[in-house]
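Worksheet: the structure to be examined is printed underneath.
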Amino acid sequence: MKEFRNNISKSFKYFKGHIFGVFLMALLLGLLFVSNVIMPVVSAKMIVNLTNGMLTQVIILAIVLFGINQVGNFFWYLQTRISFKIYRDVVSKMQNELGAAILALKNVTLDKNSTGTFIERLNSDTDYIASSVDMFLNQVTDILISVGTLFAVYVVNWKAGLFVTLSAITHIIITYIRVKIFNEKDKAFRKVKEKTVGFVGELVRGTRDIKMLNSEHSFLSTLKTKVDYTNDERFKLKDFNRIMRTFAWFIRDLLETGLIVFIIWLITKDELTVTSALIIYNYQSRATGFSDAIGYLLDTYKSFNLSCNRIFDIMGSKEFEKEEFGNKHLDKVEGNFEFKHVTFGYNKNQNVLNDLSFKVDANTTVGFVGKSGEGKSTIFSLLCKMYDVNKGEILIDGININELDKDSIRGNITIISQDPYIFNLSIKDNLKLVKENLTNKEMREACKMACLDDFIESLPDKYNTIIGEGGVNLSGGQRQRLAIARAFVQKTEIILFDEATSALDNETQKGIQQAIRNLKKDYTIMIIAHRLSTIKDCDKIFFIADGKVKASGTHEELLKKSKDYRELYESEIEK
């Protein structure tokens with residue numbers, strides 16, 4: 001119960017703008033309660049009048065019953081309309097806040113969890129919580145209707161009321177056992193489902209690569225295994241529920257038969273009239289129905305807690321760690337960097353960087369070279385504070401990166417990777433993601449610098465062309481050029497190129513290199529490249545090996561003093 005109160009408290013902020021709406025829903029459900037209690041009495045009187053040949057009274061009661069039903073239908077319409085308005089607003093608020101919480105997670109947390117974990121919680125769990133008020137109110141109303149009906153049975157005959165009460169208690173015990181076991185099974189099933197949803201997401205995003213690898217059979221085999229297992233677990237979960245409900249219905253039918261026998265016995269003892277017996281029989285299904293309502297209420301209670309825990313875990317538990325930044329703010333950094341004895345590894349057993357130290361001066365162009373897996377891209381990730389260092393410190397303009405707020409770091413640094421993610425939007429909207437008030441002139445200039453404008457102008461819809469999820473409608477080089485254009489739109493003081501020209505042809509690469517040269521002296525530019533021709537003109541080059549700077553200097557200096565660099569350069573010339 002404490003857990004439920006905590007979850008109610010946390011969820012309240014999403015509903016607090018709808019207190020009047022919830023009150024109005026409760027009022028309408030209360031009116032439905034009244035109409036539902038009255039209807040069995042009217043129905044019973046109709047049957048009695050019909051058996052006594054009082055046809056006029058039957059017609060009058062039928063009209064009254066019709067009127068009660070129509071009023072109930074109108075109340076139901078109003079209640080469900082208000083309910084959906086509340087649902088719409090609450091689910092929007094929760095999904096937006098959960099989306100922000102996911103974006104604030106540490107990369108190590110994202111690395112440990114599949115995308116299915118977040119997709120399921122963002123869609124299914126928020127949906128359940130947003131629907132919970134309506135479900136709670138409906139179930140409480142059903143319980144009140146049943147209790148009111150049970151009270152009416154007691155008024156007619158207390159012995160029959162006692163029999164119905166015992167029947168209802170039997171149902172409640174069975175339902176409680178079912179819900180308790182079902183909740184544990186449901187908790188395990190949701191974790192299984194998250195993994196399958198995550199794999200399906202990866203399959204969809206990687207379809208082109210799967211086709212190129214001719215691996216359809218392998219992936220479909222894995223998909224079949226995961227989907228079949230998930231659906232088997234779903235079947236077992238639902239089947240357990242079906243078995244328990246079937247058993248509960250068997251007990252209900254058995255007790256209903258017992259009630260009929262008991263009512264007949266009361267009639268033979270002159271303790272009950274036929275009319276009263278009809279009223280009790282009409283009431284009994286509603287009276288014992290509150291055991292089902294309590295069952296659904298317990299289902300809602302358990303599922304509400306489970307969904308709340310799964311959502312609020314992402315928003316604030318230790319399991320889902322959030323990124324942490326300092327309080328110092330820099331509107332505009334100069335662009336001086338320093339790594340001081342930095343050690344870092346993605347796991348505890350193996351370091352990628354080992355006591356790495358180097359300096360980069362503002363408004364210089366610096367290159368990083370070395371074999372694959374030596375930690376070059378990791379340097380950029382640490383500089384953007386995508387991960388926290390294990391030891392040492394990183395300084396921007398002489399300030400420890402841990403002391404700076406997020407905007408001071410990422411608002412002043414742009415990173416262009418070798419495999420940039422392009423969103424399933426138009427070209428224009430992809431560029432506007434980094435600058436909402438982007439003008440058409442700025443957009444064209446950035447694309448010209450990225451050697452992309454001519455291609456865009458050749459498209460039927462030009463800058464309004466939708467480029468597909470992940471930029472599937474673009475070539476690798478076009479995706480990289482669009483990412484470079486995004487960087488030019490941002491105009492941050494620091495630009496990081498992580499193999500950003502690897503997919504470009506020689507002519508386009510020359511154009512991009514000229515654009516980069518145009519930025520020199522005004523921006524701090526750091527470039528990771530396997531092609532040394534890309535970084536020959538850098539003011540300084542760092543040769544990275546074993547997670548350390550093994551040599552540094554200009555291209556000409558490194559050719560003279562670094563054997564490893566010279567061998568790397570000569571092997572490229574041979575190619």
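We name chains A, B, ... following the order of the structure tokens; residues begin at 1 in each chain, and ligands are numbered from 1 as shown.
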
Practice item. Skip Ser381 (chain A) itself and residues of its chain fewer than 5 positions away, then list as a PyMOL selection string all residues within 9 Å of it, counting only C-alpha atoms. Key: chain A and resi 386-387+415

Practice item. Quick one: everything within 10 Å of Leu330 (chain A), counting only C-alpha atoms, minus sequence neighbours fewer than 5 positions away in the same chain. Send it as an NGL selection string. Key: :A and (397 or 404-409 or 411-412)

Would you write out those residues with C-alpha atoms, as a PDB file, in the first residue's frame?
ATOM      1  CA  ASP A 397      39.342  26.895 -21.468  1.00  0.00           C
ATOM      2  CA  LEU A 404      30.432  23.144 -16.733  1.00  0.00           C
ATOM      3  CA  ASP A 405      26.716  22.909 -17.502  1.00  0.00           C
ATOM      4  CA  LYS A 406      25.442  20.956 -20.504  1.00  0.00           C
ATOM      5  CA  ASP A 407      24.975  23.964 -22.812  1.00  0.00           C
ATOM      6  CA  SER A 408      28.534  25.143 -22.183  1.00  0.00           C
ATOM      7  CA  ILE A 409      29.844  21.817 -23.471  1.00  0.00           C
ATOM      8  CA  GLY A 411      26.200  23.968 -27.096  1.00  0.00           C
ATOM      9  CA  ASN A 412      29.755  24.862 -28.150  1.00  0.00           C
TER      10      ASN A 412
END

Point to revise | Those in region 375-532 of chain A with helix (DSSP H, G or I) from DSSP, as a count of residues only | key: 73

Exercise for review: Could you tell me, as a PyMOL selection string, which residues of region 249-436 of chain A DSSP assigns to strand (DSSP E) when given the backbone?
Suggested key: chain A and resi 337-344+353-360+365-369+391-396+399-400+413-416

Point to revise | Residue contacts of Phe368 (chain A) (7 Å, only C-alpha atoms) excluding same-chain residues fewer than 6 positions away, as a ChimeraX atom specification | key: /A:376,527-529,541-544

Exercise for review: Have a look at A:Phe66, A:Phe84, A:Phe344, A:Phe250 and name the one nearest to Val133 (chain A); count only C-alpha atoms.
Suggested key: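 Closest residue, counting only C-alpha atoms: A:Phe84.
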
Exercise for review: Find the spatial neighbours of Thr365 (chain A), counting only C-alpha atoms, within a cut-off of 10 Å - ignore same-chain residues fewer than 6 positions away - and output them as a VMD selection string.
Suggested key: chain A and resid 494 to 496 516 to 517 519 to 527 535 537 to 541

Go ahead and write the residues just picked, N, CA and C atoms, as a CSV table (one decimal), in the first residue's frame.
chain,number,residue,atom,x,y,z
A,494,ILE,N,33.7,24.9,-31.6
A,494,ILE,CA,34.6,23.7,-31.8
A,494,ILE,C,33.8,22.7,-32.7
A,495,ILE,N,34.5,22.2,-33.7
A,495,ILE,CA,33.9,21.2,-34.6
A,495,ILE,C,34.8,20.0,-34.6
A,496,LEU,N,34.2,18.8,-34.4
A,496,LEU,CA,34.9,17.5,-34.3
A,496,LEU,C,34.5,16.7,-35.5
A,516,ILE,N,36.6,23.1,-44.8
A,516,ILE,CA,37.3,23.1,-43.5
A,516,ILE,C,38.4,24.1,-43.4
A,517,ARG,N,39.2,24.2,-44.5
A,517,ARG,CA,40.2,25.2,-44.5
A,517,ARG,C,39.7,26.6,-44.4
A,519,LEU,N,37.3,27.4,-42.6
A,519,LEU,CA,36.9,27.6,-41.2
A,519,LEU,C,38.1,27.8,-40.3
A,520,LYS,N,39.3,27.5,-40.8
A,520,LYS,CA,40.5,27.5,-40.0
A,520,LYS,C,40.8,29.0,-39.5
A,521,LYS,N,41.4,29.0,-38.3
A,521,LYS,CA,41.8,30.3,-37.7
A,521,LYS,C,40.6,30.9,-36.9
A,522,ASP,N,39.3,30.5,-37.3
A,522,ASP,CA,38.2,31.1,-36.7
A,522,ASP,C,37.5,30.1,-35.7
A,523,TYR,N,37.8,28.8,-35.9
A,523,TYR,CA,37.2,27.7,-35.1
A,523,TYR,C,38.3,26.8,-34.7
A,524,THR,N,38.0,26.1,-33.6
A,524,THR,CA,38.9,25.0,-33.2
A,524,THR,C,38.4,23.7,-33.8
A,525,ILE,N,39.2,23.1,-34.7
A,525,ILE,CA,38.8,21.9,-35.4
A,525,ILE,C,39.6,20.7,-35.1
A,526,MET,N,39.0,19.6,-34.8
A,526,MET,CA,39.7,18.4,-34.5
A,526,MET,C,39.2,17.3,-35.4
A,527,ILE,N,40.2,16.6,-36.0
A,527,ILE,CA,39.8,15.7,-37.1
A,527,ILE,C,40.4,14.3,-36.8
A,535,ILE,N,44.4,15.0,-43.1
A,535,ILE,CA,44.9,15.8,-42.0
A,535,ILE,C,46.3,16.4,-42.2
A,537,ASP,N,47.4,19.0,-43.6
A,537,ASP,CA,47.5,20.4,-43.4
A,537,ASP,C,47.2,20.9,-42.0
A,538,CYS,N,46.9,20.0,-41.1
A,538,CYS,CA,46.6,20.3,-39.7
A,538,CYS,C,47.8,21.1,-39.0
A,539,ASP,N,47.4,22.0,-38.1
A,539,ASP,CA,48.5,22.7,-37.4
A,539,ASP,C,49.3,21.7,-36.5
A,540,LYS,N,48.6,20.7,-36.1
A,540,LYS,CA,49.3,19.7,-35.2
A,540,LYS,C,48.6,18.3,-35.4
A,541,ILE,N,49.4,17.3,-35.3
A,541,ILE,CA,48.8,15.9,-35.4
A,541,ILE,C,49.3,15.1,-34.2

Check your understanding: Skipping near chain neighbours, those fewer than 3 positions away, what residues fall within 12 Å of Leu166 (chain A) using only C-alpha atoms, listed as a PyMOL selection string?
Key -> chain A and resi 150+159-163+169-173+251-252+255-256+258-259+284+287-288+291

Exercise for review: Just the residues within 12 Å of region 267-272 of chain A, please, counting only C-alpha atoms, with nothing from its chain fewer than 6 positions along; format it as a list in words.
Suggested key: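 Selected residues are Val153, Val155, Val156, Asn157, Trp158, Lys159, Ala160, Ile260, Val261, Leu278, Ile279 and Ile280 of chain A.
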
Selection file, C-alpha atoms, as a compact mmCIF listing (two decimals), in the first residue's frame:
# COMPACT_ATOMS: atom_id res chain seq x y z
CA VAL A 153 -31.28 -7.91 -1.23
CA VAL A 155 -33.90 -5.37 2.69
CA VAL A 156 -35.97 -7.94 0.79
CA ASN A 157 -34.70 -10.94 2.80
CA TRP A 158 -31.73 -11.01 5.15
CA LYS A 159 -31.16 -14.77 4.73
CA ALA A 160 -30.91 -14.43 0.96
CA ILE A 260 -32.18 -20.68 -6.73
CA VAL A 261 -32.59 -23.78 -4.56
CA LEU A 278 -37.85 -12.41 -8.71
CA ILE A 279 -36.35 -9.18 -7.37
CA ILE A 280 -33.61 -11.08 -5.50

Practice item. Calculate how many Å separate CA of Tyr346 (chain A) from CA of Ala545 (chain A), rounding to one decimal. Key: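 Separating CA of Tyr346 (chain A) from CA of Ala545 (chain A) is a distance of 17.3 Å.
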
**Study point:** Spatial neighbours of Gly316 (chain A), max dist 12 Å, only C-alpha atoms, sep filter under 3 positions, as a list in words
**Key:**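 Contacts, with the query itself left out: Lys10, Glu97, Leu98, Ala101, Ile102, Ala104, Leu105, Cys308, Asn309, Arg310, Ile311, Phe312, Asp313, Glu319, Phe320, Glu321, Lys322 and Glu323 of chain A.
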
Pull N, CA and C atoms from the residues just selected and write them as a PDB file, in the first residue's frame.
ATOM      1  N   LYS A  10       3.382  10.491  -7.031  1.00  0.00           N
ATOM      2  CA  LYS A  10       4.219  10.840  -8.187  1.00  0.00           C
ATOM      3  C   LYS A  10       3.378  11.104  -9.433  1.00  0.00           C
ATOM      4  N   GLU A  97       7.698  13.853 -20.843  1.00  0.00           N
ATOM      5  CA  GLU A  97       8.638  13.876 -19.717  1.00  0.00           C
ATOM      6  C   GLU A  97       9.523  12.626 -19.721  1.00  0.00           C
ATOM      7  N   LEU A  98       8.928  11.482 -20.054  1.00  0.00           N
ATOM      8  CA  LEU A  98       9.719  10.254 -20.109  1.00  0.00           C
ATOM      9  C   LEU A  98      10.735  10.324 -21.248  1.00  0.00           C
ATOM     10  N   ALA A 101      13.535  12.281 -20.018  1.00  0.00           N
ATOM     11  CA  ALA A 101      14.319  11.488 -19.055  1.00  0.00           C
ATOM     12  C   ALA A 101      15.226  10.495 -19.777  1.00  0.00           C
ATOM     13  N   ILE A 102      14.733   9.904 -20.864  1.00  0.00           N
ATOM     14  CA  ILE A 102      15.548   8.963 -21.639  1.00  0.00           C
ATOM     15  C   ILE A 102      16.740   9.681 -22.261  1.00  0.00           C
ATOM     16  N   ALA A 104      18.210  12.147 -21.085  1.00  0.00           N
ATOM     17  CA  ALA A 104      19.133  12.581 -20.023  1.00  0.00           C
ATOM     18  C   ALA A 104      19.928  11.424 -19.420  1.00  0.00           C
ATOM     19  N   LEU A 105      19.650  10.195 -19.860  1.00  0.00           N
ATOM     20  CA  LEU A 105      20.349   9.043 -19.301  1.00  0.00           C
ATOM     21  C   LEU A 105      21.815   9.017 -19.727  1.00  0.00           C
ATOM     22  N   CYS A 308       3.884   2.248 -13.061  1.00  0.00           N
ATOM     23  CA  CYS A 308       4.500   3.406 -12.395  1.00  0.00           C
ATOM     24  C   CYS A 308       5.966   3.124 -12.063  1.00  0.00           C
ATOM     25  N   ASN A 309       6.214   1.949 -11.506  1.00  0.00           N
ATOM     26  CA  ASN A 309       7.592   1.597 -11.143  1.00  0.00           C
ATOM     27  C   ASN A 309       8.494   1.579 -12.368  1.00  0.00           C
ATOM     28  N   ARG A 310       7.990   1.032 -13.474  1.00  0.00           N
ATOM     29  CA  ARG A 310       8.796   0.932 -14.692  1.00  0.00           C
ATOM     30  C   ARG A 310       9.081   2.308 -15.284  1.00  0.00           C
ATOM     31  N   ILE A 311       8.136   3.225 -15.157  1.00  0.00           N
ATOM     32  CA  ILE A 311       8.342   4.578 -15.691  1.00  0.00           C
ATOM     33  C   ILE A 311       9.194   5.420 -14.753  1.00  0.00           C
ATOM     34  N   PHE A 312       8.833   5.420 -13.463  1.00  0.00           N
ATOM     35  CA  PHE A 312       9.551   6.276 -12.515  1.00  0.00           C
ATOM     36  C   PHE A 312      10.959   5.766 -12.231  1.00  0.00           C
ATOM     37  N   ASP A 313      11.211   4.479 -12.532  1.00  0.00           N
ATOM     38  CA  ASP A 313      12.582   3.966 -12.460  1.00  0.00           C
ATOM     39  C   ASP A 313      13.467   4.713 -13.455  1.00  0.00           C
ATOM     40  N   GLU A 319      19.169   2.619 -10.920  1.00  0.00           N
ATOM     41  CA  GLU A 319      19.388   1.675 -12.019  1.00  0.00           C
ATOM     42  C   GLU A 319      19.555   2.407 -13.347  1.00  0.00           C
ATOM     43  N   PHE A 320      18.813   3.493 -13.519  1.00  0.00           N
ATOM     44  CA  PHE A 320      18.891   4.288 -14.742  1.00  0.00           C
ATOM     45  C   PHE A 320      19.573   5.621 -14.411  1.00  0.00           C
ATOM     46  N   GLU A 321      20.887   5.610 -14.482  1.00  0.00           N
ATOM     47  CA  GLU A 321      21.661   6.780 -14.076  1.00  0.00           C
ATOM     48  C   GLU A 321      21.518   7.917 -15.084  1.00  0.00           C
ATOM     49  N   LYS A 322      21.398   9.135 -14.548  1.00  0.00           N
ATOM     50  CA  LYS A 322      21.290  10.324 -15.380  1.00  0.00           C
ATOM     51  C   LYS A 322      22.655  10.996 -15.542  1.00  0.00           C
ATOM     52  N   GLU A 323      22.796  11.711 -16.631  1.00  0.00           N
ATOM     53  CA  GLU A 323      24.005  12.501 -16.836  1.00  0.00           C
ATOM     54  C   GLU A 323      24.074  13.606 -15.777  1.00  0.00           C
TER      55      GLU A 323
END
